[in-house]
Amino acid sequence: MKYKPLPIYVVVLLAILSLCGCAVGKQTAPEPEPPILLPEETPQPTPSAPYIQEPDVLLPVGFFPAEDAAALSPSRPDAVRIEDELLALINEARSAENVAMLQSDETLLQAARIRAGELQRSYSDIRPDRKDFYTVFDEIGFSYSKRWYGENISRLEFTQNAYTEAEIAKAMFDELSKSTGHKNNMLRSQYDMVGVGVYVATDDSTVKVTSSQIFTSQQAG
């Protein structure tokens, strides 16, 4: 079998392609460049919110702490001293209005102390048994027929060792004075007798003070 020689132009073309180093067919993709590794960022700590010290005592309006720590009361304030201080403030206010001072009555004091204890459970002019406050007179044998009578109630709650008895009484008096009805009871000229009762209860570090002030006229009619 005889082979026909390639035309001269084909031989020349193949020689040129061989010298250029070109490949005939599918081109090979270039090798990918290696990735650039960036240094990792060090995580920064999240700043925490500032700690705020909460006050130990919530102050009622007009309630001021003692300036001298040595003058602070024992952990349980003396109820009798609060009674005396509160009575003195009421009579001071009456004197300023040219109204005769009230006389403390032992029977009314007994009634007021009963009511002050009840106010720890139910802070209301209505007693825990749902009877009116003046039914306490029946329990102590006090005749209130044809007499003027009335009651003020007050309460405070605070941290132990925070206030003196005088400050407690002053806070109660100031709050009562803001109410027209309570202030009228304290200044009413028809009243000449009073029982100021105070009950002090402690629960962990909390002191709860309740007070009943029962006013009556001395003479019936």
# chains A, B, ... in the order shown; residues from 1 in each chain; ligands from 1
>>> residues_around(residues="Ser124 of chain A", least_positions_apart="3", cutoff="8 Å", atoms="only C-alpha atoms", output="short mmCIF file (atom, residue, chain, number, x, y, z; two decimals) with N, CA, C and O atoms, in the first residue's frame")
data_model
loop_
_atom_site.label_atom_id
_atom_site.label_comp_id
_atom_site.auth_asym_id
_atom_site.auth_seq_id
_atom_site.Cartn_x
_atom_site.Cartn_y
_atom_site.Cartn_z
N LEU A 119 -54.74 45.70 112.97
CA LEU A 119 -54.31 46.38 111.74
C LEU A 119 -53.13 45.68 111.09
O LEU A 119 -52.87 45.89 109.89
N ARG A 127 -62.99 45.82 111.19
CA ARG A 127 -62.19 44.83 111.92
C ARG A 127 -62.10 43.53 111.11
O ARG A 127 -62.88 43.30 110.18
N ILE A 153 -56.16 55.60 111.84
CA ILE A 153 -55.23 54.46 111.75
C ILE A 153 -54.04 54.86 110.89
O ILE A 153 -54.17 55.68 109.98
#
>>> residues_around(residues="Tyr134 of chain A", least_positions_apart="6", cutoff="12 Å", atoms="only C-alpha atoms", output="mmCIF file with C-alpha atoms, in the first residue's frame")
data_model
loop_
_atom_site.group_PDB
_atom_site.id
_atom_site.type_symbol
_atom_site.label_atom_id
_atom_site.label_comp_id
_atom_site.auth_asym_id
_atom_site.auth_seq_id
_atom_site.Cartn_x
_atom_site.Cartn_y
_atom_site.Cartn_z
ATOM 1 C CA LEU A 108 -59.333 53.698 125.446
ATOM 2 C CA ALA A 111 -59.063 49.427 122.922
ATOM 3 C CA ALA A 112 -56.518 51.197 120.703
ATOM 4 C CA ILE A 114 -56.363 45.795 120.373
ATOM 5 C CA ARG A 115 -57.089 47.652 117.161
ATOM 6 C CA ASP A 125 -61.483 50.748 109.838
ATOM 7 C CA ILE A 126 -63.428 47.497 109.523
ATOM 8 C CA ARG A 127 -62.194 44.835 111.923
ATOM 9 C CA ILE A 140 -63.531 46.403 127.011
ATOM 10 C CA GLY A 141 -66.766 47.484 128.669
ATOM 11 C CA PHE A 142 -66.652 51.124 127.554
ATOM 12 C CA SER A 143 -70.008 52.850 127.093
ATOM 13 C CA TYR A 144 -69.966 54.986 123.971
ATOM 14 C CA SER A 145 -73.662 55.745 123.826
ATOM 15 C CA ARG A 147 -70.578 60.185 122.960
ATOM 16 C CA TRP A 148 -68.522 61.606 120.143
ATOM 17 C CA TYR A 149 -66.031 59.028 118.951
ATOM 18 C CA GLY A 150 -63.686 58.432 116.061
ATOM 19 C CA GLU A 151 -60.584 56.527 114.998
ATOM 20 C CA ASN A 152 -57.439 57.282 113.029
ATOM 21 C CA SER A 212 -54.858 53.166 116.158
ATOM 22 C CA GLN A 213 -55.842 56.436 117.791
ATOM 23 C CA ILE A 214 -59.329 56.292 119.316
ATOM 24 C CA PHE A 215 -60.929 59.603 120.265
ATOM 25 C CA THR A 216 -64.044 60.148 122.400
#
>>> residues_around(residues="Leu109 of chain A", least_positions_apart="3", cutoff="8 Å", atoms="only C-alpha atoms", output="PyMOL selection string")
chain A and resi 104-106+112-113+194-197+214
>>> write_last_selection(atoms="C-alpha atoms", output="compact mmCIF listing (two decimals), in the first residue's frame")
# COMPACT_ATOMS: atom_id res chain seq x y z
CA SER A 104 -54.95 59.66 127.70
CA ASP A 105 -57.50 57.16 129.01
CA GLU A 106 -56.44 53.69 130.10
CA ALA A 112 -56.52 51.20 120.70
CA ARG A 113 -53.90 48.52 121.35
CA VAL A 194 -57.87 59.47 123.56
CA GLY A 195 -56.18 56.12 123.47
CA VAL A 196 -53.09 55.89 121.25
CA GLY A 197 -52.16 52.26 120.61
CA ILE A 214 -59.33 56.29 119.32
>>> closest_residue(among="A:Thr107, A:Asp204, A:Leu86, A:Ser122", to="Glu175 of chain A", atoms="only C-alpha atoms")
A:Leu86
>>> closest_residue(among="A:Leu87, A:Val209, A:Val80, A:Met101", to="Ser189 of chain A", atoms="only C-alpha atoms")
A:Met101
>>> closest_residue(among="A:Leu102, A:Lys146, A:Leu176, A:Asp203", to="Phe158 of chain A", atoms="only C-alpha atoms")
A:Asp203
>>> select_by_dssp(residues="segment 60-192 of chain A", states="helix (DSSP H, G or I)", output="VMD selection string")
chain A and resid 69 to 71 79 to 96 106 to 121 133 to 140 165 to 177 180 to 187
>>> closest_residue(among="A:Glu157, A:Asp192, A:Glu97, A:Asp84", to="Ser217 of chain A", atoms="only C-alpha atoms")
A:Asp192
